[in-house]
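Worksheet for the structure shown next.
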Amino acid sequence: MIAILKKEIRSFFSSPVGYLVIGLFLIVSGLFLWVFQGDYNLLDNGFADMSAFFYLAPWVFLFLVPALSMRSISEEKKQGTMEMLLTKPVSKIQIVIGKYLGVLSLVILAIIPTLLYVYALHELGNPAGNIDLGSTLGSYIGLVFLVASYAAIGLFASSLTNNQIVAFIIGVFLCFVFYSGFDGLSNMIPGFPLDQLGMDLHYRSVGQGVIDSRDVIYFLSIICIFLALTAAMISPQSNFKRKYKSWIGLLVIVVLLNVLSSSFFKRFDLTEDKRYTLNDATISALNDIDMPLVVDIFLEGEGFPSEFKRLKRETRILLDEFGTYNNLIKFNFINPLEDPELRQQNIQQLTQRGLTPMQLSVQESGRTTQAVIFPWALASYNETTVKIPLIKNKIGANQTEMVNNSVQNIEYAFADGFSKLLYPKRRKIAVLKGNGQLPNRNIADFVSTLRDYYFIAPFTLDRVEQAPQRTLDSLRNFDLIISAKPTEAFSEGEKLVLDQYIMSGGKSLWLVDGVAMDTDSLLNEQGKGIAVPNDLNLTDFFFKYGIRINPQLVNDLYSAPITLASGEGSQAQFNQLPWFYSPLINTESNHPITKNINLVKLDFASPIDTLKNPLEQTILMQSSLLSKIDGIPKEIDLGMATNEPDPEAYSKGPQAVAVLVEGEFTSVYNNRIKPISLTDVKQQGDFTKMIIVSDGNIVKNDVGRNGVLELGFDRWTGELYGNKEFLLNAVNYLLDDTGLINIRSKNITMAFLDQQKVVEQGNKWRIITILLPLVILLFFGWIFHWLRRKKYKV
C-alpha cells in the first residue's frame, strides 16, 4: 500500500499537469480572496477571519479533486496495468486505499500554502494577532474532511471508465450532488430532511470551528462507502453473492452508526470565545419544540455593508446550530425589497407589524450610498408569531460596533423569542398603588412590554390596617412587586407586610427617589424649584437590607441635554443645553442585566451607599468619573443649563444609582414590636432578590398628542435610551427560573482588520499571498525533479 502511495505521488509530480492543477487552485483562490472585489474578498469584508476562504474552497475543490483523481484508476485500466496490479500480493482494498491516500496527500499539499493567508490576516488584525486560531483550526479540519470525501468520490468515478475526461465529469457531477444537490432537493420537497444526506450541512457545522461527532461519522461513512464501491469496481468478475452480502453488511453498519450518532453525540467548540456553544436554557427551549417552528429573517438583499453580511452569516450559523438540536426548526432568508412593484407595500406591511426599517451607509469605490434594511425576524409556532429584533444599537456606536453588539445579543434574542412561543405566562407581577406612585399612563409602555412575559395586576396596601393577614396572603400570590416612584410615605403596617412578602421569597423592584424633584416641577414661570428630601419612611427598611439612599443629588458632566425654548411666538427656538442632573449611565459590567445595553437616562438620581452585611450586593449602574454630589435643600434653576461647569468640582467619582441585593434577608422587624398582627411572622427569609434604583423617573414614559411614547424615547433629540431594556432585563433576572437571562453574559469578540494597515499594506500582502505559494510550488517541483534525475542517473 505504501508503495502504491509513493507511486501515485511520483507519477503526479512527474507530469506538468500536477503542477498546473495545484497552481491553478492557488491562483484562483488568491485572486478571489485578495484581488477581485466581492463577497469572498478577505480585505473588503473587514474581519480577521478565513470564513470567505472556507466558503469558496468547497466549490474550487469540487473541480480540483476530480482533476487530481481522474487518472488514478482510469489510466491503469486504459494501459491494461490494473490486471497486473491485481496479481500482486496486495488486496483490492489496499490498492484502493493506497491510491486514495495518494490523491488525498496531493490535495492536502495544495491546502498547505493557504496557511500564508492566515498569517497575512494575523498581521493585518486590529490589534495584530487577533485572529481566532481555534476557529481557523476547526475550519481547516472541516475542509480536510470535505476534500477527503471528494477524493473518495473522485476515485470511484475514476474506477467507472478508462477515459480520464469522462472520469473527471462524473467526479464533478457526483461531488456536486453530494455537496449541494441534496440541499436543493430538500428545498423542493419540504418535510423531508434530505439536506442531512448532503455534505453542505455537515461541512457548514465543522467549517465554523465546531467538531461534531455526527459530522465526523457522516464524512467517514461517505469515504468508506465510496472506497468500498471503488474496490468492487476494480474487480467486477469477483463473486457477486459474497460482494452482495458484504455490501449489505457495510450499509447496515453505516446506517446504524449514523442513526446512533444522531442520539448520542458530542460537540467540541474550538472557537476561543465558545461562541457556538449554546446556553443550557437555549438547548432546553429547543428540545421542547414538538412541531415545526418557522423563522423568516429579513437580512437578505443586495449592497449590504460587510458588517451586515457578517450579521447575516452569524444568524445563519446560529440557526444551523439550533437545527442540530431540533430539526423541526426551519428558517428562510427573505428580501422584502426584491420586487420593485411590491417594495412600498411590503415596507408598509412590515412597519405596521412593528418591524421598522433601518437606513445604512454603504461605502463603495469612494462613494457613500444609502441602503434600507429590515433587521428583524419573525418566528411562527402553533399559529402564533413573534417578532425578534436582530439589531442591538447603542447611542454613538458606528455600524461596526452596532453589528458587534448585535452578534453578542443574537442567541438571547432568538431564545427569548422562542420562549414567548413555547411557554405560557406563569409568573405574576404586582404593580403597587396607593403611595403616590406614577399614574398608569406614565408606566403604560413598560407594563405593556411586561405583558408579553408575565401576568400584570395593580395592588394596593390600603386595607393593611383592617385586614393585614388577608393583604399579605394576597400579595404572596405574586412573584414580584414593582413600586414606581412612590411619593407618599409607607406606614409601619405596610412596611411589615412588604417585609414579610420579601421574607417569603418574593422579589421586588424599587424605583424610588431620594429627593423630591423632577423636570416637570421646573416648568413654571420662574423655571425654578426646591429640591427637598423625599421621606417615604423606607430608610430603616432598606438599611436593614444593606442599602442607603442618600437625600442628595448626583451631578454628572456626562449627561443628557435638556431642551429649552427661547423667544416667543413664531420667533421661539428650541435649544438643547447640557443638564447635569440627567446623568447618562454607560453600563460596562458583564452582569446579564446591564451587559451590552444602551445608555440609560436618569433624572435627579440620588447616590446609593452599600453597607456591609451577609447579603450579596452588586452595583448595576453608577455615574461617570466626572461626578459631584449636591446637598439639599437646594434651589434648582433651569438657568443652570447655561452656566459653564467647573471641571475641578466634579471629583467625587462614580456614584452608585442602582444596586442588586441577593440572599437570605433578615426581617426589618426582627426583635422589634410588630405594628400589626400577622400569623407566623418570619425573622429570617428565604433566598430572594431585590433591585433598588434611586430614580423613579427611569420607568416614566412621555405622553404625546397621539398617545403613549416608547419608554426611553426623547421626543426632542430623537434618541432612544436604554431605560426599558434595563428594566426588562431587571425583571427577567429577578423572575428568571430557566437561566435564559444568563445568555446575555456570553462574551463574543469579533476580530476586525486594521483598516489603516489594509490601506498601507494591502498591495504588499496581495503580492505575497498570490506569488509566494507559486514560487514555493515551483521550487518544490525543481527539487523533486533534481532528486529524481540524481537517483536515476546512469
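In the C-alpha cells, chains take the letters A, B, ... in the order shown, each chain's residues start at 1, and ligands count up from 1 in the order shown.
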Non-local contacts of Gly663 in chain A (10 Å; only C-alpha atoms; under 2 positions in same chain excluded) as a JSON list (two decimals) with N, CA, C and O atoms, in the first residue's frame:
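Wrote it out as selection.json, contents follow:
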[["chain", "number", "residue", "atom", "x", "y", "z"],
["A", 505, "GLY", "N", -39.70, 34.99, 50.12],
["A", 505, "GLY", "CA", -39.05, 34.74, 48.84],
["A", 505, "GLY", "C", -39.55, 35.61, 47.72],
["A", 505, "GLY", "O", -39.15, 35.41, 46.56],
["A", 545, "TYR", "N", -31.49, 45.92, 54.77],
["A", 545, "TYR", "CA", -31.08, 45.09, 53.64],
["A", 545, "TYR", "C", -29.73, 45.52, 53.06],
["A", 545, "TYR", "O", -29.31, 45.03, 52.01],
["A", 614, "PRO", "N", -24.38, 40.20, 55.30],
["A", 614, "PRO", "CA", -24.17, 38.89, 54.66],
["A", 614, "PRO", "C", -24.73, 38.80, 53.25],
["A", 614, "PRO", "O", -24.45, 37.83, 52.54],
["A", 615, "LEU", "N", -25.55, 39.75, 52.82],
["A", 615, "LEU", "CA", -26.18, 39.68, 51.51],
["A", 615, "LEU", "C", -25.18, 40.03, 50.41],
["A", 615, "LEU", "O", -24.25, 40.81, 50.61],
["A", 616, "GLU", "N", -25.42, 39.46, 49.24],
["A", 616, "GLU", "CA", -24.58, 39.76, 48.07],
["A", 616, "GLU", "C", -25.11, 41.02, 47.39],
["A", 616, "GLU", "O", -26.27, 41.08, 47.00],
["A", 617, "GLN", "N", -24.25, 42.01, 47.24],
["A", 617, "GLN", "CA", -24.66, 43.29, 46.64],
["A", 617, "GLN", "C", -23.86, 43.52, 45.35],
["A", 617, "GLN", "O", -22.64, 43.36, 45.33],
["A", 661, "VAL", "N", -29.50, 43.26, 45.23],
["A", 661, "VAL", "CA", -29.23, 42.58, 46.50],
["A", 661, "VAL", "C", -29.82, 41.18, 46.42],
["A", 661, "VAL", "O", -30.99, 41.01, 46.07],
["A", 665, "PHE", "N", -32.61, 37.28, 53.39],
["A", 665, "PHE", "CA", -32.76, 38.55, 54.10],
["A", 665, "PHE", "C", -33.21, 38.31, 55.56],
["A", 665, "PHE", "O", -33.94, 37.35, 55.85],
["A", 666, "THR", "N", -32.76, 39.21, 56.41],
["A", 666, "THR", "CA", -33.26, 39.24, 57.79],
["A", 666, "THR", "C", -34.37, 40.28, 57.88],
["A", 666, "THR", "O", -34.25, 41.37, 57.31],
["A", 685, "GLY", "N", -35.55, 35.18, 56.23],
["A", 685, "GLY", "CA", -36.27, 34.90, 55.00],
["A", 685, "GLY", "C", -35.64, 33.82, 54.14],
["A", 685, "GLY", "O", -34.51, 33.38, 54.36],
["A", 686, "ASP", "N", -36.42, 33.41, 53.13],
["A", 686, "ASP", "CA", -35.91, 32.50, 52.11],
["A", 686, "ASP", "C", -35.04, 33.30, 51.13],
["A", 686, "ASP", "O", -35.04, 34.53, 51.13],
["A", 687, "PHE", "N", -34.33, 32.59, 50.29],
["A", 687, "PHE", "CA", -33.49, 33.27, 49.30],
["A", 687, "PHE", "C", -34.36, 34.10, 48.37],
["A", 687, "PHE", "O", -35.39, 33.65, 47.88],
["A", 688, "THR", "N", -33.95, 35.33, 48.13],
["A", 688, "THR", "CA", -34.71, 36.19, 47.23],
["A", 688, "THR", "C", -33.78, 37.23, 46.63],
["A", 688, "THR", "O", -32.57, 37.28, 46.92],
["A", 689, "LYS", "N", -34.35, 38.08, 45.77],
["A", 689, "LYS", "CA", -33.58, 39.12, 45.08],
["A", 689, "LYS", "C", -34.36, 40.43, 45.15],
["A", 689, "LYS", "O", -35.59, 40.43, 45.13],
["A", 690, "MET", "N", -33.61, 41.53, 45.15],
["A", 690, "MET", "CA", -34.21, 42.85, 45.18],
["A", 690, "MET", "C", -33.31, 43.81, 44.40],
["A", 690, "MET", "O", -32.08, 43.71, 44.46]]
Practice problem: Write out as an NGL selection string the residues lying within 10 Å of range 122-136 of chain A, counting only C-alpha atoms and excluding same-chain residues fewer than 2 positions away. | Solution: :A and (43 or 46-51 or 54 or 115-120 or 138-142 or 206-210 or 269-275 or 749-758 or 761-762 or 765)
Would you export the selected residues with C-alpha atoms as a PDB file, in the first residue's frame, please?
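The resulting file, out14.pdb, is shown below:
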ATOM      1  CA  LEU A  43      -9.736  42.561   2.879  1.00  0.00           C
ATOM      2  CA  GLY A  46     -13.226  43.914   7.294  1.00  0.00           C
ATOM      3  CA  PHE A  47     -12.899  40.878   9.573  1.00  0.00           C
ATOM      4  CA  ALA A  48      -9.774  38.991  10.575  1.00  0.00           C
ATOM      5  CA  ASP A  49     -11.025  35.522   9.784  1.00  0.00           C
ATOM      6  CA  MET A  50     -10.840  32.983   6.975  1.00  0.00           C
ATOM      7  CA  SER A  51     -14.566  32.415   6.565  1.00  0.00           C
ATOM      8  CA  PHE A  54     -13.830  28.269   3.652  1.00  0.00           C
ATOM      9  CA  LEU A 115      -1.778  28.938   5.700  1.00  0.00           C
ATOM     10  CA  LEU A 116       0.012  32.014   4.388  1.00  0.00           C
ATOM     11  CA  TYR A 117      -3.431  33.658   4.202  1.00  0.00           C
ATOM     12  CA  VAL A 118      -3.857  33.052   7.938  1.00  0.00           C
ATOM     13  CA  TYR A 119      -0.532  34.718   8.650  1.00  0.00           C
ATOM     14  CA  ALA A 120      -1.455  37.716   6.498  1.00  0.00           C
ATOM     15  CA  GLY A 138     -11.552  23.753  13.249  1.00  0.00           C
ATOM     16  CA  SER A 139     -12.405  25.124   9.817  1.00  0.00           C
ATOM     17  CA  TYR A 140      -9.300  23.513   8.308  1.00  0.00           C
ATOM     18  CA  ILE A 141     -10.276  20.207   9.909  1.00  0.00           C
ATOM     19  CA  GLY A 142     -13.710  20.531   8.328  1.00  0.00           C
ATOM     20  CA  VAL A 206     -17.478  21.715  11.099  1.00  0.00           C
ATOM     21  CA  GLY A 207     -16.281  24.586   8.922  1.00  0.00           C
ATOM     22  CA  GLN A 208     -17.185  27.187  11.539  1.00  0.00           C
ATOM     23  CA  GLY A 209     -14.902  25.632  14.141  1.00  0.00           C
ATOM     24  CA  VAL A 210     -17.256  23.148  15.814  1.00  0.00           C
ATOM     25  CA  ASP A 269     -16.351  24.184  20.055  1.00  0.00           C
ATOM     26  CA  LEU A 270     -12.809  25.189  19.092  1.00  0.00           C
ATOM     27  CA  THR A 271     -13.541  28.916  18.908  1.00  0.00           C
ATOM     28  CA  GLU A 272     -11.692  30.959  21.514  1.00  0.00           C
ATOM     29  CA  ASP A 273     -14.855  32.638  22.845  1.00  0.00           C
ATOM     30  CA  LYS A 274     -17.009  29.462  22.570  1.00  0.00           C
ATOM     31  CA  ARG A 275     -19.497  31.451  20.516  1.00  0.00           C
ATOM     32  CA  THR A 749     -15.274  39.002  20.429  1.00  0.00           C
ATOM     33  CA  MET A 750     -15.343  39.990  16.775  1.00  0.00           C
ATOM     34  CA  ALA A 751     -11.886  40.130  15.161  1.00  0.00           C
ATOM     35  CA  PHE A 752     -11.566  43.170  12.903  1.00  0.00           C
ATOM     36  CA  LEU A 753      -8.905  44.146  10.405  1.00  0.00           C
ATOM     37  CA  ASP A 754      -6.941  47.334  10.921  1.00  0.00           C
ATOM     38  CA  GLN A 755      -8.221  49.430   8.020  1.00  0.00           C
ATOM     39  CA  GLN A 756      -5.178  51.683   8.094  1.00  0.00           C
ATOM     40  CA  LYS A 757      -2.913  48.650   7.701  1.00  0.00           C
ATOM     41  CA  VAL A 758      -5.142  47.344   4.912  1.00  0.00           C
ATOM     42  CA  GLN A 761      -0.004  47.163   3.324  1.00  0.00           C
ATOM     43  CA  GLY A 762      -2.836  45.699   1.249  1.00  0.00           C
ATOM     44  CA  TRP A 765       0.073  41.206   1.062  1.00  0.00           C
TER      45      TRP A 765
END
Would you kindly return, as a CSV table (one decimal) with N, CA, C and O atoms, in the first residue's frame, each protein, DNA or RNA residue with an atom no farther than 12 Å from any atom of Leu109 in chain A, considering only C-alpha atoms and excluding same-chain residues fewer than 2 positions away?
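Written out: out.csv:
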chain,number,residue,atom,x,y,z
A,9,ILE,N,2.2,9.6,-5.9
A,9,ILE,CA,2.8,10.9,-5.7
A,9,ILE,C,3.8,11.1,-6.8
A,9,ILE,O,3.9,12.2,-7.4
A,13,PHE,N,3.8,14.2,-9.7
A,13,PHE,CA,4.8,15.3,-9.9
A,13,PHE,C,5.7,15.1,-11.0
A,13,PHE,O,6.5,16.0,-11.3
A,18,GLY,N,0.2,18.0,-12.9
A,18,GLY,CA,0.0,18.1,-11.5
A,18,GLY,C,0.3,19.5,-11.0
A,18,GLY,O,-0.5,20.1,-10.2
A,19,TYR,N,1.4,20.1,-11.4
A,19,TYR,CA,1.8,21.4,-11.0
A,19,TYR,C,0.7,22.4,-11.6
A,19,TYR,O,0.4,23.4,-10.9
A,21,VAL,N,-2.5,21.9,-12.1
A,21,VAL,CA,-3.7,21.8,-11.3
A,21,VAL,C,-3.6,22.6,-10.0
A,21,VAL,O,-4.4,23.4,-9.6
A,22,ILE,N,-2.5,22.3,-9.2
A,22,ILE,CA,-2.3,22.9,-7.9
A,22,ILE,C,-2.1,24.4,-8.1
A,22,ILE,O,-2.6,25.3,-7.4
A,23,GLY,N,-1.3,24.8,-9.1
A,23,GLY,CA,-1.0,26.2,-9.4
A,23,GLY,C,-2.3,26.9,-9.8
A,23,GLY,O,-2.5,28.1,-9.3
A,25,PHE,N,-5.3,26.2,-8.7
A,25,PHE,CA,-6.0,26.3,-7.5
A,25,PHE,C,-5.5,27.5,-6.7
A,25,PHE,O,-6.3,28.4,-6.2
A,26,LEU,N,-4.2,27.7,-6.6
A,26,LEU,CA,-3.6,28.7,-5.8
A,26,LEU,C,-3.9,30.1,-6.4
A,26,LEU,O,-4.2,31.1,-5.8
A,65,VAL,N,-10.3,18.3,-7.0
A,65,VAL,CA,-10.1,17.0,-6.6
A,65,VAL,C,-10.4,16.0,-7.7
A,65,VAL,O,-9.6,15.0,-7.9
A,68,LEU,N,-7.5,15.8,-9.9
A,68,LEU,CA,-6.4,15.1,-9.4
A,68,LEU,C,-6.6,13.6,-9.4
A,68,LEU,O,-5.6,12.8,-9.5
A,101,LEU,N,-5.0,7.5,-0.6
A,101,LEU,CA,-4.1,8.3,0.2
A,101,LEU,C,-3.2,9.2,-0.7
A,101,LEU,O,-2.8,10.3,-0.3
A,102,GLY,N,-2.9,8.6,-1.9
A,102,GLY,CA,-2.1,9.4,-2.8
A,102,GLY,C,-2.8,10.7,-3.2
A,102,GLY,O,-2.2,11.8,-3.2
A,103,VAL,N,-4.1,10.5,-3.6
A,103,VAL,CA,-4.9,11.7,-4.0
A,103,VAL,C,-5.0,12.6,-2.9
A,103,VAL,O,-4.9,13.9,-3.0
A,104,LEU,N,-5.4,12.1,-1.7
A,104,LEU,CA,-5.6,12.9,-0.5
A,104,LEU,C,-4.3,13.7,-0.1
A,104,LEU,O,-4.4,14.9,0.2
A,105,SER,N,-3.2,13.1,-0.2
A,105,SER,CA,-1.9,13.8,0.1
A,105,SER,C,-1.7,14.9,-0.8
A,105,SER,O,-1.2,16.0,-0.4
A,106,LEU,N,-2.0,14.8,-2.1
A,106,LEU,CA,-1.8,15.9,-3.1
A,106,LEU,C,-2.8,17.0,-2.8
A,106,LEU,O,-2.4,18.2,-2.9
A,107,VAL,N,-4.0,16.7,-2.4
A,107,VAL,CA,-5.0,17.8,-2.1
A,107,VAL,C,-4.5,18.5,-0.8
A,107,VAL,O,-4.6,19.8,-0.8
A,111,ILE,N,-3.5,22.5,0.0
A,111,ILE,CA,-4.1,23.4,1.0
A,111,ILE,C,-3.0,24.1,1.9
A,111,ILE,O,-3.2,25.2,2.3
A,112,ILE,N,-1.9,23.4,2.1
A,112,ILE,CA,-0.9,23.9,3.0
A,112,ILE,C,-0.4,25.4,2.6
A,112,ILE,O,-0.3,26.2,3.6
A,113,PRO,N,-0.2,25.7,1.4
A,113,PRO,CA,0.2,27.1,1.1
A,113,PRO,C,-0.9,28.2,1.6
A,113,PRO,O,-0.5,29.3,1.8
A,114,THR,N,-2.1,27.8,1.7
A,114,THR,CA,-3.1,28.7,2.1
A,114,THR,C,-2.9,29.2,3.6
A,114,THR,O,-3.6,30.1,4.0
A,115,LEU,N,-2.1,28.5,4.3
A,115,LEU,CA,-1.8,28.9,5.7
A,115,LEU,C,-1.1,30.3,5.7
A,115,LEU,O,-1.2,31.0,6.7
A,144,VAL,N,-10.6,19.5,5.5
A,144,VAL,CA,-9.9,18.2,5.2
A,144,VAL,C,-10.9,17.1,5.1
A,144,VAL,O,-10.8,16.2,4.2
A,147,VAL,N,-12.6,17.5,1.6
A,147,VAL,CA,-11.8,17.1,0.4
A,147,VAL,C,-11.5,15.6,0.5
A,147,VAL,O,-11.3,14.9,-0.6
A,773,PRO,N,3.1,31.4,-2.8
A,773,PRO,CA,2.8,30.0,-2.9
A,773,PRO,C,3.2,29.4,-4.3
A,773,PRO,O,3.6,28.2,-4.3
A,776,ILE,N,6.9,28.8,-4.1
A,776,ILE,CA,7.2,27.6,-3.3
A,776,ILE,C,6.9,26.3,-4.1
A,776,ILE,O,7.6,25.3,-4.1
A,777,LEU,N,5.8,26.3,-4.9
A,777,LEU,CA,5.4,25.2,-5.7
A,777,LEU,C,6.4,24.9,-6.8
A,777,LEU,O,6.8,23.7,-7.0
A,780,PHE,N,9.5,23.5,-5.1
A,780,PHE,CA,9.3,22.1,-4.8
A,780,PHE,C,9.5,21.2,-6.0
A,780,PHE,O,10.1,20.2,-6.0
Exercise. Enumerate as a ChimeraX atom specification all residues of range 93-167 of chain A assigned to helix (DSSP H, G or I) by DSSP on the backbone, naming them with the chain letters and numbers the document uses.
Key: /A:93-124,133-159,164-167
Exercise. Counting only C-alpha atoms, figure out which residue out of A:Ile608, A:Ile502, A:Leu450, A:Ala52 gets nearest to Gln684 in chain A.
Key: A:Ile502
Quiz item: For Thr230 in chain A, which residue among A:Tyr179, A:Phe168, A:Tyr558, A:Phe156 is the nearest when counting only C-alpha atoms?
Solution: A:Phe156
Practice problem: Go through A:Leu155, A:Leu311, A:Leu286, A:Leu538 one by one, measure the shortest atom-to-atom distance of each to Tyr325 in chain A using only C-alpha atoms, and give the residue with the smallest value. | Solution: A:Leu286
Quiz item: Counting only C-alpha atoms, what is within 10 Å of range 713-715 of chain A, bar same-chain residues fewer than 2 positions away, as a PyMOL selection string?
Solution: chain A and resi 560+562-563+601+701-702+704+709-711+717-724
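Rounded to one decimal, CA of Ile456 in chain A and CA of Ile429 in chain A lie 5.0 Å from each other.
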Quiz item: Any idea what's packed within 10 Å of range 462-477 of chain A, counting only C-alpha atoms, ignoring anything in its chain fewer than 4 positions away? Could you give it as a ChimeraX atom specification?
Solution: /A:427-430,433-435,481,491-502,504-506,675-679
Practice problem: Do a neighbour search on Asn398 in chain A at 12 Å with only C-alpha atoms, toss out local chain neighbours closer than 6 positions, and write the hits as a PyMOL selection string. | Solution: chain A and resi 307+360-361+392+404-405
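Residues in contact with Ser559 in chain A at up to 12 Å, not including ones fewer than 5 positions away on its chain and judged by only C-alpha atoms, are A:Val554, A:Gln576, A:Leu577, A:Pro578, A:Trp579, A:Phe580, A:Tyr581, A:Ser582, A:Pro583, A:Leu584, A:Ile585, A:Asn586, A:Leu599, A:Val600, A:Lys601, A:Leu602, A:Asp603, A:Phe604, A:Ala605, A:Ser623, A:Ser624, A:Leu625, A:Leu626, A:Ser627, A:Ala641.
Taking only C-alpha atoms into account, Ile410 in chain A lies nearest to A:Asn596 out of the set A:Gln196, A:Ser694, A:Asn596, A:Asn332.
Straight-line separation from CA of Val177 in chain A to CA of Met199 in chain A: 9.1 Å.
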Closest pair table for range 575-686 of chain A residues within 7 Å of range 546-551 of chain A, only C-alpha atoms, as CSV:
residue,atom,partner,partner_atom,distance
A:Ser606,CA,A:Asn550,CA,6.2
A:Pro607,CA,A:Asn550,CA,5.8
A:Ile608,CA,A:Ile549,CA,4.6
A:Asp609,CA,A:Arg548,CA,5.1
A:Thr610,CA,A:Ile547,CA,5.0
A:Leu611,CA,A:Gly546,CA,4.6
A:Lys612,CA,A:Gly546,CA,6.4
A:Asn613,CA,A:Gly546,CA,6.1
Quiz item: DSSP says strand (DSSP E or B) for which residues of range 29-266 of chain A? Put them as a PyMOL selection string?
Solution: chain A and resi 47+125+210-212
